[in-house]
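Visitor: Next up, upload06.cif (mmCIF, C-alpha atoms).
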data_my_file
#
loop_
_atom_site.label_atom_id
_atom_site.label_comp_id
_atom_site.auth_asym_id
_atom_site.auth_seq_id
_atom_site.Cartn_x
_atom_site.Cartn_y
_atom_site.Cartn_z
CA MET A 91 19.81 72.72 85.31
CA SER A 92 23.26 71.62 84.22
CA TRP A 93 24.26 68.10 85.24
CA VAL A 94 27.08 65.70 84.44
CA GLY A 95 26.07 63.86 81.27
CA GLY A 96 23.04 66.12 80.71
CA LYS A 97 21.29 65.83 77.35
CA LYS A 98 21.00 69.53 76.50
CA ALA A 99 22.81 69.06 73.17
CA LEU A 100 20.88 65.93 72.16
CA ARG A 101 17.40 66.54 73.60
CA GLU A 102 15.80 67.40 70.24
CA ALA A 103 17.36 64.37 68.56
CA VAL A 104 16.12 62.15 71.38
CA VAL A 105 12.51 63.36 71.24
CA LYS A 106 12.41 63.04 67.43
CA ARG A 107 13.15 59.33 67.83
CA PHE A 108 10.28 58.65 70.22
CA PRO A 109 7.69 56.18 68.87
CA LEU A 110 4.33 57.50 67.71
CA ASN A 111 2.23 55.57 70.20
CA TYR A 112 2.88 55.22 73.93
CA SER A 113 0.95 56.28 77.01
CA ARG A 114 3.53 55.77 79.76
CA TYR A 115 6.86 57.65 79.66
CA ILE A 116 9.58 56.60 82.10
CA GLU A 117 12.89 58.47 82.29
CA VAL A 118 15.11 55.88 83.98
CA PHE A 119 18.28 57.98 84.56
CA GLY A 120 16.65 61.38 85.03
CA GLY A 121 19.66 63.54 85.91
CA GLY A 122 19.04 67.17 84.96
CA GLY A 123 15.77 66.26 83.24
CA TRP A 124 16.68 67.85 79.90
CA VAL A 125 14.64 65.38 77.85
CA LEU A 126 11.63 65.41 80.19
CA PHE A 127 11.47 69.22 80.17
CA HIS A 128 11.96 69.35 76.39
CA LYS A 129 9.37 66.65 75.71
CA PRO A 130 6.03 68.25 74.71
CA PRO A 131 3.49 67.91 77.54
CA ARG A 132 0.77 65.42 76.65
CA ARG A 133 -1.67 63.21 78.47
CA ASP A 134 0.74 60.34 79.03
CA PHE A 135 1.68 59.07 82.47
CA GLU A 136 5.20 60.36 83.24
CA VAL A 137 7.88 59.08 85.64
CA TYR A 138 11.20 60.70 86.52
CA ASN A 139 13.71 58.42 88.26
CA ASP A 140 17.23 58.84 89.54
CA PHE A 141 19.23 56.62 91.86
CA ASN A 142 20.73 59.72 93.48
CA GLY A 143 18.46 60.25 96.48
CA LEU A 144 19.48 63.89 96.89
CA LEU A 145 18.51 64.62 93.29
CA ALA A 146 15.17 62.81 93.59
CA ASN A 147 14.46 64.73 96.81
CA LEU A 148 15.25 68.02 95.04
CA TYR A 149 12.77 67.22 92.27
CA ARG A 150 10.06 66.30 94.77
CA CYS A 151 10.58 69.57 96.60
CA VAL A 152 10.44 71.54 93.34
CA ARG A 153 7.21 69.72 92.46
CA ASP A 154 5.49 69.93 95.86
CA LYS A 155 7.07 72.78 97.87
CA PRO A 156 8.61 75.34 95.49
CA ASP A 157 7.89 78.33 97.73
CA LEU A 158 9.57 76.71 100.75
CA LEU A 159 12.58 75.78 98.61
CA ILE A 160 12.88 79.32 97.29
CA ASN A 161 12.64 80.69 100.84
CA ALA A 162 15.48 78.40 101.92
CA LEU A 163 17.63 79.64 99.01
CA GLU A 164 16.82 83.32 99.37
CA TYR A 165 19.89 84.39 101.36
CA VAL A 166 22.47 81.66 100.65
CA LEU A 167 26.09 82.76 100.28
CA ASN A 168 28.17 82.16 97.18
CA SER A 169 31.36 81.49 99.09
CA ARG A 170 33.94 78.73 99.33
CA GLU A 171 33.43 78.42 103.09
CA ASP A 172 29.68 77.95 102.71
CA PHE A 173 30.20 75.51 99.81
CA ASP A 174 32.60 73.35 101.84
CA ARG A 175 30.37 73.44 104.91
CA ILE A 176 27.20 72.25 103.18
CA ARG A 177 29.11 69.71 101.11
CA ARG A 178 30.41 68.16 104.34
CA ALA A 179 26.87 68.19 105.73
CA LEU A 180 25.55 66.33 102.69
CA ASP A 181 28.48 63.89 102.70
CA THR A 182 27.85 62.95 106.32
CA ARG A 183 24.07 62.76 105.73
CA ARG A 184 23.48 64.98 108.72
CA PRO A 185 19.79 64.93 109.72
CA ALA A 186 17.88 67.72 108.00
CA THR A 187 14.45 68.37 106.55
CA ASP A 188 13.76 67.46 102.93
CA ILE A 189 13.65 71.18 102.09
CA GLN A 190 17.01 71.84 103.75
CA ARG A 191 18.65 68.93 101.91
CA ALA A 192 17.14 70.11 98.62
CA ALA A 193 18.35 73.70 99.16
CA TRP A 194 21.86 72.52 100.10
CA PHE A 195 22.06 70.24 97.08
CA TYR A 196 20.77 72.91 94.68
CA GLN A 197 23.30 75.35 96.12
CA ILE A 198 26.11 72.83 95.54
CA ILE A 199 24.98 72.29 91.93
CA ARG A 200 24.80 76.01 91.17
CA HIS A 201 28.01 77.04 92.94
CA SER A 202 30.29 74.14 91.93
CA TYR A 203 32.73 74.17 89.02
CA ALA A 204 30.89 73.01 85.86
CA SER A 205 28.11 71.73 88.14
CA GLY A 206 30.38 68.82 89.01
CA LEU A 207 29.53 69.02 92.74
CA LYS A 208 33.15 68.50 93.79
CA SER A 209 34.85 71.91 93.84
CA PHE A 210 33.80 75.52 94.36
CA GLY A 211 33.26 77.30 91.04
CA SER A 212 34.64 80.72 92.09
CA GLN A 213 32.15 82.39 89.74
CA PRO A 214 29.45 85.00 90.44
CA HIS A 215 25.96 83.54 90.45
CA ASP A 216 22.63 85.27 91.15
CA MET A 217 20.59 82.63 92.98
CA TRP A 218 17.49 84.79 92.73
CA ALA A 219 17.62 84.47 88.93
CA ASN A 220 16.84 80.76 89.39
CA PHE A 221 13.59 81.30 91.27
CA PRO A 222 11.40 81.78 88.14
CA LEU A 223 12.97 78.58 86.73
CA ILE A 224 12.03 76.69 89.90
CA GLN A 225 8.44 77.91 89.55
CA GLN A 226 8.33 76.86 85.88
CA ALA A 227 9.76 73.44 86.74
CA HIS A 228 7.15 73.11 89.49
CA ARG A 229 4.34 73.61 86.98
CA ARG A 230 5.85 71.09 84.53
CA LEU A 231 6.41 68.48 87.24
CA LYS A 232 3.01 68.76 88.93
CA ASP A 233 1.74 65.44 87.51
CA VAL A 234 5.11 63.66 87.21
CA VAL A 235 5.88 60.72 89.52
CA VAL A 236 9.37 61.12 91.03
CA GLU A 237 11.12 57.84 91.87
CA ASN A 238 14.42 56.91 93.52
CA GLN A 239 14.92 53.27 92.49
CA ASP A 240 17.53 50.98 91.02
CA PHE A 241 16.98 50.96 87.25
CA ALA A 242 16.20 47.23 86.99
CA ARG A 243 13.53 47.38 89.69
CA LEU A 244 12.03 50.52 88.16
CA ILE A 245 11.87 49.00 84.65
CA HIS A 246 10.18 45.87 85.97
CA HIS A 247 7.71 47.96 88.01
CA TYR A 248 6.53 50.20 85.14
CA ASP A 249 6.80 47.84 82.17
CA ARG A 250 3.64 47.58 80.07
CA GLU A 251 3.03 47.21 76.34
CA ASP A 252 2.31 50.97 76.16
CA SER A 253 5.46 52.00 78.12
CA LEU A 254 8.37 53.96 76.68
CA PHE A 255 11.60 53.85 78.68
CA TYR A 256 14.19 56.51 77.87
CA CYS A 257 17.57 55.52 79.32
CA ASP A 258 20.66 57.72 79.53
CA PRO A 259 22.99 55.72 81.77
CA PRO A 260 26.55 56.70 82.72
CA TYR A 261 28.54 56.20 79.54
CA HIS A 262 30.83 53.19 79.35
CA SER A 263 34.36 53.93 80.65
CA THR A 264 33.25 57.32 82.07
CA GLU A 265 31.46 55.99 85.14
CA GLY A 266 33.88 57.70 87.55
CA TYR A 267 32.46 61.12 86.67
CA TYR A 268 29.20 60.12 88.36
CA GLN A 269 30.57 59.16 91.76
CA ASN A 270 29.42 62.28 93.57
CA ILE A 271 27.35 63.25 96.56
CA GLY A 272 24.36 60.93 96.89
CA GLU A 273 25.45 58.54 94.14
CA GLY A 274 26.95 55.09 94.06
CA GLY A 275 29.24 53.74 91.38
CA PHE A 276 28.05 52.33 88.04
CA THR A 277 30.00 49.26 86.97
CA GLU A 278 30.36 47.10 83.87
CA LYS A 279 28.03 44.62 85.55
CA ASP A 280 25.43 47.38 85.73
CA HIS A 281 25.71 47.98 81.97
CA ILE A 282 25.01 44.26 81.48
CA ARG A 283 22.14 44.33 84.01
CA LEU A 284 20.60 47.24 82.12
CA ARG A 285 20.87 45.35 78.81
CA ASP A 286 19.25 42.26 80.34
CA ALA A 287 16.40 44.31 81.84
CA LEU A 288 15.67 46.17 78.58
CA LEU A 289 15.75 43.11 76.32
CA ASP A 290 13.14 41.46 78.54
CA ILE A 291 10.46 44.20 78.49
CA ASP A 292 7.03 44.23 76.87
CA GLY A 293 7.24 47.97 76.15
CA LYS A 294 9.66 50.05 74.10
CA PHE A 295 13.01 51.55 75.00
CA LEU A 296 15.26 54.26 73.61
CA LEU A 297 18.82 54.29 74.89
CA SER A 298 21.59 56.87 74.42
CA TYR A 299 25.24 55.83 74.85
CA ASN A 300 28.75 56.70 73.77
CA ASP A 301 29.71 54.92 70.55
CA ASP A 302 31.78 52.16 72.06
CA ALA A 303 32.65 48.63 70.87
CA PHE A 304 31.53 47.19 74.22
CA VAL A 305 28.14 48.93 73.93
CA ARG A 306 27.60 47.86 70.31
CA ASP A 307 28.45 44.26 71.15
CA LEU A 308 26.17 44.38 74.19
CA TYR A 309 23.13 45.27 72.08
CA ASN A 310 23.94 43.19 69.02
CA ALA A 311 20.66 41.30 69.17
CA PRO A 312 17.69 40.56 66.87
CA GLY A 313 15.15 43.37 66.64
CA ILE A 314 17.52 46.01 68.04
CA GLN A 315 18.34 49.15 66.04
CA ILE A 316 21.62 51.02 66.56
CA GLU A 317 22.03 54.47 65.00
CA ALA A 318 25.27 56.47 65.14
CA VAL A 319 25.07 60.24 65.74
CA THR A 320 27.58 62.98 66.54
CA ARG A 321 27.43 66.21 68.51
CA LEU A 322 29.89 68.95 69.38
CA ASN A 323 32.33 67.89 72.07
CA ASN A 324 31.74 70.56 74.72
CA ILE A 325 34.80 69.59 76.75
CA LYS A 326 37.20 70.19 73.83
CA GLN A 327 35.55 73.31 72.38
CA ARG A 328 38.18 75.66 73.81
CA TYR A 329 41.03 74.29 71.69
CA ASP A 330 39.18 72.38 68.94
CA PRO A 331 35.92 74.21 68.08
CA ASN A 332 34.74 71.62 65.56
CA CYS A 333 35.56 68.48 67.55
CA GLN A 334 32.71 65.96 67.47
CA PHE A 335 31.71 63.36 70.05
CA SER A 336 30.33 60.06 68.72
CA GLU A 337 27.22 58.62 70.32
CA VAL A 338 24.62 55.99 69.49
CA PHE A 339 20.88 55.64 69.88
CA ILE A 340 19.67 52.11 70.55
CA ALA A 341 16.02 51.03 70.42
CA ASN A 342 13.78 48.00 70.11
CA TYR A 343 11.53 49.75 67.55
CA ASP A 344 11.87 51.74 64.33
CA MET A 345 13.43 55.07 65.36
CA ASP A 346 12.38 56.63 62.05
CA GLU A 347 8.73 55.96 62.83
CA ARG A 348 7.86 59.64 63.11
CA GLY A 349 9.75 60.55 59.94
CA LEU A 350 7.78 57.96 57.96
CA TYR A 351 4.58 59.88 58.65
CA LEU A 352 5.82 63.38 57.84
CA PRO A 353 4.44 64.92 54.62
CA ARG A 354 7.06 64.95 51.86
CA GLN A 355 7.51 67.28 48.92
CA ILE A 356 6.92 65.36 45.71
CA ASN A 357 9.49 66.05 42.98
CA LEU A 358 10.29 64.75 39.51
CA PHE A 359 12.96 62.38 40.80
CA ASP A 360 10.83 60.40 43.29
#
Go ahead and render the structure in this file as structure tokens.

Guide:
Amino acid sequence: MSWVGGKKALREAVVKRFPLNYSRYIEVFGGGGWVLFHKPPRRDFEVYNDFNGLLANLYRCVRDKPDLLINALEYVLNSREDFDRIRRALDTRRPATDIQRAAWFYQIIRHSYASGLKSFGSQPHDMWANFPLIQQAHRRLKDVVVENQDFARLIHHYDREDSLFYCDPPYHSTEGYYQNIGEGGFTEKDHIRLRDALLDIDGKFLLSYNDDAFVRDLYNAPGIQIEAVTRLNNIKQRYDPNCQFSEVFIANYDMDERGLYLPRQINLFD
């Protein structure tokens, strides 16, 4: 599912930097769940969290009531009038069942421009084509805990020595993109709160951010690794096909831990 700030382009790079040993995986800013769904299923305890209550409700409904959700989406209309009507209903938090809220929100995601939730996309979309995806997501989420907490409270609640927190917060200076239905704002104080929470944990964390002087200064601390990476800039692809977007991975462990244990080809120059 597309989502503002989704990690579709970086999901493989993220998973490759996971530590070798952990038994609790907590995705603090879950969003579209690209990393969770890409992560190989294993026997670890998994948590998906997002502060957007409508998004957390959608994931719970996909996990627990996929057939009811599909039934509610079966005959929705891909029209501007319907889009505006249900967006107003979600904005005003009109009383509705969890299934109805989930169906409305999923409809808004699928029918909005670039999944931005704000404006009607004016594009054809076959909602029925999503139903097999909902069923697949249901099977993947069956043992995942879905939370709707502030990140600091969540980190404190699930912190153990065997915990791995993956954090993909709103990027610094782009926070306005995330002020949508069901979401509050993310401020500079929140970036600092996140730093303070992560530097105080017993477990491990992996953090993805835009490569920004504020971010680098924030995590300039003993024992913290910062690795620069680039990916294609999807927003500028139309007029600059090779434009790159600079990002960083930040962790409190050796991000090359998995690479150290991969078999290597011996050659004459080793």

Visitor: Which is closer to A:Leu289 than all the others in A:Leu244, A:Ala341, A:Leu126, A:Val305, using all atoms listed in the file?

Guide: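 For A:Leu289, the nearest of the given residues is A:Ala341.
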
Visitor: I would like the residues chosen by the PyMOL selection byres ((chain A and resi 153-166) around 8) on the shown file; could you give them as a PyMOL selection string?

Guide: chain A and resi 149-152+167-168+189-190+192-193+197+217-218+221+224-225+227-229+231-232

Visitor: For the file shown, what are the residues hit by the PyMOL selection byres ((chain A and resi 257) around 7), laid out as a compact mmCIF listing (two decimals) with C-alpha atoms, in the frame of the given file?

Guide:
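Generated file (out.txt):
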# COMPACT_ATOMS: atom_id res chain seq x y z
CA GLU A 117 12.89 58.47 82.29
CA VAL A 118 15.11 55.88 83.98
CA PHE A 119 18.28 57.98 84.56
CA PHE A 255 11.60 53.85 78.68
CA TYR A 256 14.19 56.51 77.87
CA ASP A 258 20.66 57.72 79.53
CA PRO A 259 22.99 55.72 81.77
CA LEU A 296 15.26 54.26 73.61
CA LEU A 297 18.82 54.29 74.89
CA SER A 298 21.59 56.87 74.42

Visitor: What is the atom CA of A:Val236 to atom CA of A:Phe127 distance in Å?

Guide: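 Computing it gives 13.7 Å between the two atoms.
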
Visitor: Find, counting all atoms listed in the file, the residue in A:Arg243, A:Arg283, A:Arg183, A:Lys294 that gets nearest to A:Gly143.

Guide: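 With all atoms listed in the file as the atom set, the closest residue is A:Arg183.
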
Visitor: Running the PyMOL selection byres ((chain A and resi 91) around 10) on this model by hand, what would come out? Give it as a ChimeraX atom specification.

Guide: /A:92-93,96,98,121-124,196,199-200,205,220,223-224

Visitor: Between atom CA of A:Val235 and atom CA of A:Val125, what is the distance in Å, rounded to a tenth?

Guide: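 Distance between the two atoms: 15.3 Å.
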
Visitor: To one decimal in Å, tell me the separation between atom CA of A:Tyr112 and atom CA of A:Asp307.

Guide: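 About the pair atom CA of A:Tyr112 and atom CA of A:Asp307: they are 28.0 Å apart.
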
Visitor: Here's a test: counting only C-alpha atoms, identify every protein, DNA and RNA residue with an atom at most 8 Å from (9.1, 49.9, 79.3) in the file's coordinate frame, and state them as a ChimeraX atom specification.

Guide: /A:116,245-246,248-255,288,291-295

Visitor: Here is a test: counting only C-alpha atoms, which residue of A:Arg101, A:Ile198, A:Val137, A:Asn342 is nearest to A:Ser113?

Guide: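 Result for the nearest residue to A:Ser113: A:Val137.
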